[in-house]
Amino acid sequence: MIFRRTLLIASTAVAAAAGMAAASAAGRSRAGEGTPTPPHPVPVERLHLEPAHAQLAALRRRTVTSRALVERYLLHIEKTNPGLDAVVTLDADGARAAADAADRHLATTGRPLGALHGLPMTVKDALETKGLRTTCGSPDLADHVPDRDADAVARLRAAGAVIVGKTNVPVMCQDLQTSNPLFGTTKNPHDHTKTAGGSSGGPAAAVAAGLTSLELGSDLAGSLRLPAAYCGVYALRPSGGIVPTRGHIPRPPGWITDSDMLSLGPIARDVDDLDLLLDVLAAPAPADAAAWRIELPAPRHEHLGRYRVGLWQDDPYCHVDRETRDLLARVADLVRAAGATVDDSTRPVDLAASDRLFQRLMYATTSATATDDGFADDVAAADKLPADHPGALFLRSRTMHHRDWLRANEEREKLRGRWADYFTTHDVLITAAAPTAAVDDQTGTPVPQRSITVDGAKRPYFDQTAWLNLAGHVRLPAVVLPAGRTAAGLPLAVQIIGPYLADRTVVDVARHLARRLPAPVSPA
């Protein structure tokens, strides 16, 4: 396997490990209490399982070096990753060199390189990394080594991050689970028979399993949030347009533009780390940086009891299962107990109509990279299909005339207006993240034959993202956070949607909830 051959270069200099079992208990305690840093110094042998902000504090106190932390990660990846297939390309030599440079800089100047000084982390294999293979899971890109970083990756490095490796994705990020011919299938760390989700399945599994404390992933149709929900970690889809996206594949290498529905954001094991990475990522594209900057507003309130919370527990268009409904009811009770108002009847939009518009715009944006012959075939096929054919929505949306897209975009802007009106009387909306906990991995089943089961009823495969799609096309920030577990022990999650550019508000509400919710499920 490609990863195992790559990993051999990492094993020679890794120090011997001590036991790690206490780390997950410490992480659960912080998630439940909301403590920003560990109450006592954490032994180096398990520091890599702490939140990113705790690792950064230790690096700045010089109780650990970046090089020592890199070695801990390399050892943990060597031991844990073969059973998960989350990290697919490792840059052990490059990570060691970057860590040594960070340590020298701090020793010489006494100042950190930036907000992520010396922090080892991984990056989704859809984002180009200079000098480090970037495949997006495609055999056509098996040997693609970019000569420049994606803009967001460049911001990570400028903030002092140490890129250890790349994490797995489905082929060209086009699936709700993570498998490809180059690297195989990423397993869910909680149950290897379940999917880790997609397309950021490798990133979410890596964070959940402690192979990295932070990840940079991407989200068009829930690609950050669905894997986070299934793997029991936190994820933030930032407001559309506030994180540069150039250098993200499946737009071909060298392209400057990307989908108008794409957002890049963090995955983490601790809610405070979402804010940490958001501060690094939120910026204009380099070409615009001379003229303007982004200053996101502070959270709307200081206390949970001051928030006006909307709750959308279920909908006939995409029913959620009993365990998810019960979870949302418990979350609502917690919010009410804190003194907040909860409105469980007002709806900002119609879920079915919103999802149909989302699909039309999503299918349209995927046509940009089609070959001329392939697109011509799609046009011809679309012209022959009746409106009620199962494939009509996809083909007619993918080949729509520009006039039709302009009208769909106008419909989107009107939808954004309805959301804005809703948020004049509500601060956030809490919904399900998915209809169920992680579903069975269906790698061996052709996509048209896949399905999910909700309370015993067979449902379409792509219903997994119907609730996540609420935010994507209207550019709203959304957090997914672990909020409970099923009777079988799988993570359950909820989604918090906020007003445009209120990214700090949705993270703040997630932080308040994390202090009150049960400890997140930790993988064995």
# chains A, B, ... in the order shown; residues from 1 in each chain; ligands from 1
$ residues_around --residues "Gly137 in chain A" --least-positions-apart "5" --cutoff "9 Å" --atoms "only C-alpha atoms" --output "count of residues only"
14
$ residues_around --residues "Gly232 in chain A" --least-positions-apart "3" --cutoff "6 Å" --atoms "only C-alpha atoms" --output "list in words"
Ala228, Ala229, Pro482 and Pro491 of chain A
$ select_by_dssp --residues "range 4-233 of chain A" --states "helix (DSSP H, G or I)" --output "number ranges by chain"
A: 4-10, 21-33, 44-47, 52-61, 66-83, 92-109, 139-141, 151-158, 171-173, 201-208, 225-231
$ closest_residue --among "A:Leu106, A:Cys318, A:Leu220, A:Ala471" --to "Met362 in chain A" --atoms "only C-alpha atoms"
A:Leu220
$ closest_residue --among "A:Ala432, A:Thr505, A:Gly391, A:Arg418" --to "Arg308 in chain A" --atoms "only C-alpha atoms"
A:Thr505
$ select_by_dssp --residues "range 313-492 of chain A" --states "strand (DSSP E)" --output "list in words"
Thr341, Val342, Asp343, Val428, Leu429, Ile430, Thr431, Ala432, Ser451, Ile452, Thr453, Val454, Ala457, Lys458, Arg459, Pro460, Ala478, Val479, Val480, Leu481, Pro482, Ala483, Gly484, Arg485, Pro491 and Leu492 of chain A
$ closest_residue --among "A:Leu429, A:Leu304, A:Ala487, A:Val320" --to "Asp344 in chain A" --atoms "only C-alpha atoms"
A:Leu429
$ residues_around --residues "range 263-274 of chain A" --least-positions-apart "2" --cutoff "7 Å" --atoms "only C-alpha atoms" --output "ChimeraX atom specification"
/A:31,51-53,204,207-208,213-220,233-238,240,243,245,261,276-278,510-511
$ write_last_selection --atoms "N, CA and C atoms" --output "PDB file, in the first residue's frame"
ATOM      1  N   ALA A  31     -14.291  18.825  27.375  1.00  0.00           N
ATOM      2  CA  ALA A  31     -15.472  19.062  26.560  1.00  0.00           C
ATOM      3  C   ALA A  31     -16.694  19.263  27.437  1.00  0.00           C
ATOM      4  N   PRO A  51      -6.207  18.886  23.139  1.00  0.00           N
ATOM      5  CA  PRO A  51      -6.637  19.863  22.128  1.00  0.00           C
ATOM      6  C   PRO A  51      -5.466  20.674  21.594  1.00  0.00           C
ATOM      7  N   ALA A  52      -5.653  21.242  20.428  1.00  0.00           N
ATOM      8  CA  ALA A  52      -4.587  22.027  19.804  1.00  0.00           C
ATOM      9  C   ALA A  52      -4.147  23.184  20.692  1.00  0.00           C
ATOM     10  N   HIS A  53      -5.116  23.867  21.345  1.00  0.00           N
ATOM     11  CA  HIS A  53      -4.712  25.033  22.143  1.00  0.00           C
ATOM     12  C   HIS A  53      -3.854  24.612  23.339  1.00  0.00           C
ATOM     13  N   ALA A 204     -11.743  13.747   9.359  1.00  0.00           N
ATOM     14  CA  ALA A 204     -12.527  13.557  10.582  1.00  0.00           C
ATOM     15  C   ALA A 204     -12.056  12.332  11.350  1.00  0.00           C
ATOM     16  N   VAL A 207      -8.741  13.169  13.134  1.00  0.00           N
ATOM     17  CA  VAL A 207      -8.930  13.980  14.337  1.00  0.00           C
ATOM     18  C   VAL A 207      -9.499  13.131  15.463  1.00  0.00           C
ATOM     19  N   ALA A 208     -10.521  12.323  15.162  1.00  0.00           N
ATOM     20  CA  ALA A 208     -11.144  11.496  16.187  1.00  0.00           C
ATOM     21  C   ALA A 208     -10.156  10.513  16.803  1.00  0.00           C
ATOM     22  N   SER A 213      -4.625  17.041  15.888  1.00  0.00           N
ATOM     23  CA  SER A 213      -5.595  17.742  16.742  1.00  0.00           C
ATOM     24  C   SER A 213      -6.466  18.688  15.934  1.00  0.00           C
ATOM     25  N   LEU A 214      -5.980  19.084  14.773  1.00  0.00           N
ATOM     26  CA  LEU A 214      -6.680  20.021  13.901  1.00  0.00           C
ATOM     27  C   LEU A 214      -6.554  19.540  12.473  1.00  0.00           C
ATOM     28  N   GLU A 215      -7.580  19.819  11.686  1.00  0.00           N
ATOM     29  CA  GLU A 215      -7.556  19.512  10.256  1.00  0.00           C
ATOM     30  C   GLU A 215      -8.144  20.664   9.477  1.00  0.00           C
ATOM     31  N   LEU A 216      -7.662  20.831   8.276  1.00  0.00           N
ATOM     32  CA  LEU A 216      -8.260  21.755   7.323  1.00  0.00           C
ATOM     33  C   LEU A 216      -8.981  20.934   6.274  1.00  0.00           C
ATOM     34  N   GLY A 217     -10.306  21.075   6.216  1.00  0.00           N
ATOM     35  CA  GLY A 217     -11.109  20.348   5.258  1.00  0.00           C
ATOM     36  C   GLY A 217     -11.946  21.285   4.416  1.00  0.00           C
ATOM     37  N   SER A 218     -12.844  20.696   3.632  1.00  0.00           N
ATOM     38  CA  SER A 218     -13.682  21.495   2.728  1.00  0.00           C
ATOM     39  C   SER A 218     -15.112  21.003   2.796  1.00  0.00           C
ATOM     40  N   ASP A 219     -16.037  21.908   2.468  1.00  0.00           N
ATOM     41  CA  ASP A 219     -17.456  21.605   2.615  1.00  0.00           C
ATOM     42  C   ASP A 219     -18.223  22.288   1.498  1.00  0.00           C
ATOM     43  N   LEU A 220     -18.804  21.477   0.613  1.00  0.00           N
ATOM     44  CA  LEU A 220     -19.736  21.985  -0.385  1.00  0.00           C
ATOM     45  C   LEU A 220     -21.134  21.452  -0.060  1.00  0.00           C
ATOM     46  N   VAL A 233     -16.661  14.438  16.261  1.00  0.00           N
ATOM     47  CA  VAL A 233     -15.785  15.583  16.466  1.00  0.00           C
ATOM     48  C   VAL A 233     -16.505  16.856  16.038  1.00  0.00           C
ATOM     49  N   TYR A 234     -15.841  17.989  16.215  1.00  0.00           N
ATOM     50  CA  TYR A 234     -16.422  19.294  15.898  1.00  0.00           C
ATOM     51  C   TYR A 234     -15.978  19.737  14.503  1.00  0.00           C
ATOM     52  N   ALA A 235     -16.846  20.474  13.818  1.00  0.00           N
ATOM     53  CA  ALA A 235     -16.481  21.047  12.525  1.00  0.00           C
ATOM     54  C   ALA A 235     -17.233  22.350  12.328  1.00  0.00           C
ATOM     55  N   LEU A 236     -16.591  23.270  11.663  1.00  0.00           N
ATOM     56  CA  LEU A 236     -17.190  24.562  11.315  1.00  0.00           C
ATOM     57  C   LEU A 236     -17.126  24.764   9.815  1.00  0.00           C
ATOM     58  N   ARG A 237     -18.294  24.942   9.209  1.00  0.00           N
ATOM     59  CA  ARG A 237     -18.348  25.463   7.846  1.00  0.00           C
ATOM     60  C   ARG A 237     -18.438  26.979   7.982  1.00  0.00           C
ATOM     61  N   PRO A 238     -17.364  27.722   7.661  1.00  0.00           N
ATOM     62  CA  PRO A 238     -17.422  29.178   7.792  1.00  0.00           C
ATOM     63  C   PRO A 238     -18.390  29.811   6.791  1.00  0.00           C
ATOM     64  N   GLY A 240     -19.734  31.685   3.718  1.00  0.00           N
ATOM     65  CA  GLY A 240     -19.192  31.644   2.368  1.00  0.00           C
ATOM     66  C   GLY A 240     -18.390  32.886   2.032  1.00  0.00           C
ATOM     67  N   VAL A 243     -12.941  32.498   3.563  1.00  0.00           N
ATOM     68  CA  VAL A 243     -11.688  31.728   3.534  1.00  0.00           C
ATOM     69  C   VAL A 243     -11.316  31.496   2.074  1.00  0.00           C
ATOM     70  N   THR A 245     -10.227  29.900  -1.333  1.00  0.00           N
ATOM     71  CA  THR A 245     -10.380  28.498  -1.747  1.00  0.00           C
ATOM     72  C   THR A 245      -9.491  28.105  -2.926  1.00  0.00           C
ATOM     73  N   MET A 261     -20.142  27.619  -3.961  1.00  0.00           N
ATOM     74  CA  MET A 261     -20.771  26.986  -2.801  1.00  0.00           C
ATOM     75  C   MET A 261     -19.758  26.345  -1.860  1.00  0.00           C
ATOM     76  N   LEU A 276      -9.741  28.965  17.049  1.00  0.00           N
ATOM     77  CA  LEU A 276      -8.303  29.093  16.825  1.00  0.00           C
ATOM     78  C   LEU A 276      -7.972  29.050  15.336  1.00  0.00           C
ATOM     79  N   LEU A 277      -8.499  28.061  14.626  1.00  0.00           N
ATOM     80  CA  LEU A 277      -8.182  27.937  13.217  1.00  0.00           C
ATOM     81  C   LEU A 277      -8.953  28.946  12.373  1.00  0.00           C
ATOM     82  N   LEU A 278     -10.161  29.305  12.801  1.00  0.00           N
ATOM     83  CA  LEU A 278     -10.909  30.333  12.077  1.00  0.00           C
ATOM     84  C   LEU A 278     -10.130  31.637  12.042  1.00  0.00           C
ATOM     85  N   ALA A 510     -22.037  26.603  20.429  1.00  0.00           N
ATOM     86  CA  ALA A 510     -21.489  25.251  20.529  1.00  0.00           C
ATOM     87  C   ALA A 510     -20.654  25.100  21.799  1.00  0.00           C
ATOM     88  N   ARG A 511     -19.906  26.124  22.135  1.00  0.00           N
ATOM     89  CA  ARG A 511     -19.072  26.080  23.348  1.00  0.00           C
ATOM     90  C   ARG A 511     -19.964  25.970  24.596  1.00  0.00           C
TER      91      ARG A 511
END
$ closest_residue --among "A:Leu132, A:Val479, A:Val494, A:Val439" --to "Asp93 in chain A" --atoms "only C-alpha atoms"
A:Leu132
$ closest_residue --among "A:Ala502, A:Val507, A:Leu119, A:Leu492" --to "Glu50 in chain A" --atoms "only C-alpha atoms"
A:Leu119
$ closest_residue --among "A:Leu75, A:Leu395, A:Ala329, A:Ala387" --to "Arg360 in chain A" --atoms "only C-alpha atoms"
A:Leu395
$ residues_around --residues "Thr365 in chain A" --least-positions-apart "5" --cutoff "12 Å" --atoms "only C-alpha atoms" --output "list in words"
Leu220, Ala221, Pro250, Arg251, Thr257, Asp258, Ser259, Asp260, Met261, Leu262, Phe358, Gln359, Arg360, Ala370, Phe394, Ser397, Arg398, Thr399, Met400, His402, Trp405, Asn409 and His473 of chain A
$ write_last_selection --atoms "C-alpha atoms" --output "compact mmCIF listing (two decimals), in the first residue's frame"
# COMPACT_ATOMS: atom_id res chain seq x y z
CA LEU A 220 -19.74 21.98 -0.38
CA ALA A 221 -22.53 19.51 0.41
CA PRO A 250 -11.57 18.81 -7.89
CA ARG A 251 -11.14 22.03 -9.85
CA THR A 257 -11.65 29.76 -9.51
CA ASP A 258 -13.68 27.36 -7.41
CA SER A 259 -17.32 26.60 -6.72
CA ASP A 260 -19.34 29.49 -5.31
CA MET A 261 -20.77 26.99 -2.80
CA LEU A 262 -17.44 25.77 -1.38
CA PHE A 358 -29.31 23.51 -3.38
CA GLN A 359 -29.15 20.49 -5.67
CA ARG A 360 -29.76 22.55 -8.80
CA ALA A 370 -16.53 18.53 -17.68
CA PHE A 394 -29.13 16.21 -12.20
CA SER A 397 -29.28 21.36 -13.64
CA ARG A 398 -25.81 20.42 -14.82
CA THR A 399 -26.56 21.68 -18.34
CA MET A 400 -28.83 24.64 -17.53
CA HIS A 402 -26.83 30.76 -18.09
CA TRP A 405 -28.64 29.86 -13.58
CA ASN A 409 -29.18 32.55 -8.25
CA HIS A 473 -25.93 27.48 -0.89
$ residues_around --residues "Arg96 in chain A" --least-positions-apart "3" --cutoff "8 Å" --atoms "only C-alpha atoms" --output "MDAnalysis selection string"
chainID A and resid 67 70 92:93 99:100
$ write_last_selection --atoms "N, CA and C atoms" --output "short mmCIF file (atom, residue, chain, number, x, y, z; two decimals), in the first residue's frame"
data_model
loop_
_atom_site.label_atom_id
_atom_site.label_comp_id
_atom_site.auth_asym_id
_atom_site.auth_seq_id
_atom_site.Cartn_x
_atom_site.Cartn_y
_atom_site.Cartn_z
N ARG A 67 9.62 19.50 17.65
CA ARG A 67 10.19 18.25 17.15
C ARG A 67 9.71 17.06 17.98
N VAL A 70 6.14 16.34 17.07
CA VAL A 70 6.08 15.66 15.76
C VAL A 70 6.39 14.18 15.92
N ALA A 92 7.35 12.91 6.78
CA ALA A 92 8.07 12.88 8.04
C ALA A 92 9.30 13.77 8.02
N ASP A 93 10.09 13.69 6.94
CA ASP A 93 11.30 14.51 6.87
C ASP A 93 10.96 16.00 6.83
N ALA A 99 9.63 21.51 12.08
CA ALA A 99 9.59 21.57 13.54
C ALA A 99 10.91 22.08 14.10
N ASP A 100 12.02 21.61 13.56
CA ASP A 100 13.33 22.09 14.01
C ASP A 100 13.47 23.59 13.77
#
$ decode --residues "range 462-474 of chain A" --atoms "N, CA and C atoms" --output "PDB file, in the first residue's frame"
ATOM      1  N   PHE A 462     -28.668   9.928  -0.459  1.00  0.00           N
ATOM      2  CA  PHE A 462     -28.258  11.328  -0.302  1.00  0.00           C
ATOM      3  C   PHE A 462     -29.123  12.089   0.695  1.00  0.00           C
ATOM      4  N   ASP A 463     -30.096  11.427   1.310  1.00  0.00           N
ATOM      5  CA  ASP A 463     -30.803  12.054   2.419  1.00  0.00           C
ATOM      6  C   ASP A 463     -29.869  12.349   3.587  1.00  0.00           C
ATOM      7  N   GLN A 464     -28.702  11.728   3.600  1.00  0.00           N
ATOM      8  CA  GLN A 464     -27.753  11.969   4.691  1.00  0.00           C
ATOM      9  C   GLN A 464     -27.408  13.438   4.864  1.00  0.00           C
ATOM     10  N   THR A 465     -27.452  14.216   3.787  1.00  0.00           N
ATOM     11  CA  THR A 465     -26.999  15.611   3.873  1.00  0.00           C
ATOM     12  C   THR A 465     -28.118  16.635   3.730  1.00  0.00           C
ATOM     13  N   ALA A 466     -29.377  16.206   3.729  1.00  0.00           N
ATOM     14  CA  ALA A 466     -30.465  17.154   3.504  1.00  0.00           C
ATOM     15  C   ALA A 466     -30.477  18.276   4.543  1.00  0.00           C
ATOM     16  N   TRP A 467     -30.221  17.940   5.804  1.00  0.00           N
ATOM     17  CA  TRP A 467     -30.217  18.975   6.843  1.00  0.00           C
ATOM     18  C   TRP A 467     -28.986  19.864   6.744  1.00  0.00           C
ATOM     19  N   LEU A 468     -27.867  19.294   6.366  1.00  0.00           N
ATOM     20  CA  LEU A 468     -26.649  20.091   6.196  1.00  0.00           C
ATOM     21  C   LEU A 468     -26.768  21.051   5.018  1.00  0.00           C
ATOM     22  N   ASN A 469     -27.525  20.651   3.998  1.00  0.00           N
ATOM     23  CA  ASN A 469     -27.667  21.481   2.804  1.00  0.00           C
ATOM     24  C   ASN A 469     -28.404  22.789   3.066  1.00  0.00           C
ATOM     25  N   LEU A 470     -29.067  22.900   4.206  1.00  0.00           N
ATOM     26  CA  LEU A 470     -29.749  24.151   4.530  1.00  0.00           C
ATOM     27  C   LEU A 470     -28.817  25.349   4.465  1.00  0.00           C
ATOM     28  N   ALA A 471     -27.575  25.168   4.905  1.00  0.00           N
ATOM     29  CA  ALA A 471     -26.660  26.302   5.052  1.00  0.00           C
ATOM     30  C   ALA A 471     -25.792  26.550   3.825  1.00  0.00           C
ATOM     31  N   GLY A 472     -25.524  25.502   3.027  1.00  0.00           N
ATOM     32  CA  GLY A 472     -24.457  25.581   2.039  1.00  0.00           C
ATOM     33  C   GLY A 472     -24.643  26.611   0.952  1.00  0.00           C
ATOM     34  N   HIS A 473     -25.777  26.598   0.255  1.00  0.00           N
ATOM     35  CA  HIS A 473     -25.935  27.482  -0.892  1.00  0.00           C
ATOM     36  C   HIS A 473     -26.248  28.912  -0.499  1.00  0.00           C
ATOM     37  N   VAL A 474     -26.627  29.140   0.774  1.00  0.00           N
ATOM     38  CA  VAL A 474     -26.957  30.498   1.217  1.00  0.00           C
ATOM     39  C   VAL A 474     -25.840  31.102   2.060  1.00  0.00           C
TER      40      VAL A 474
END
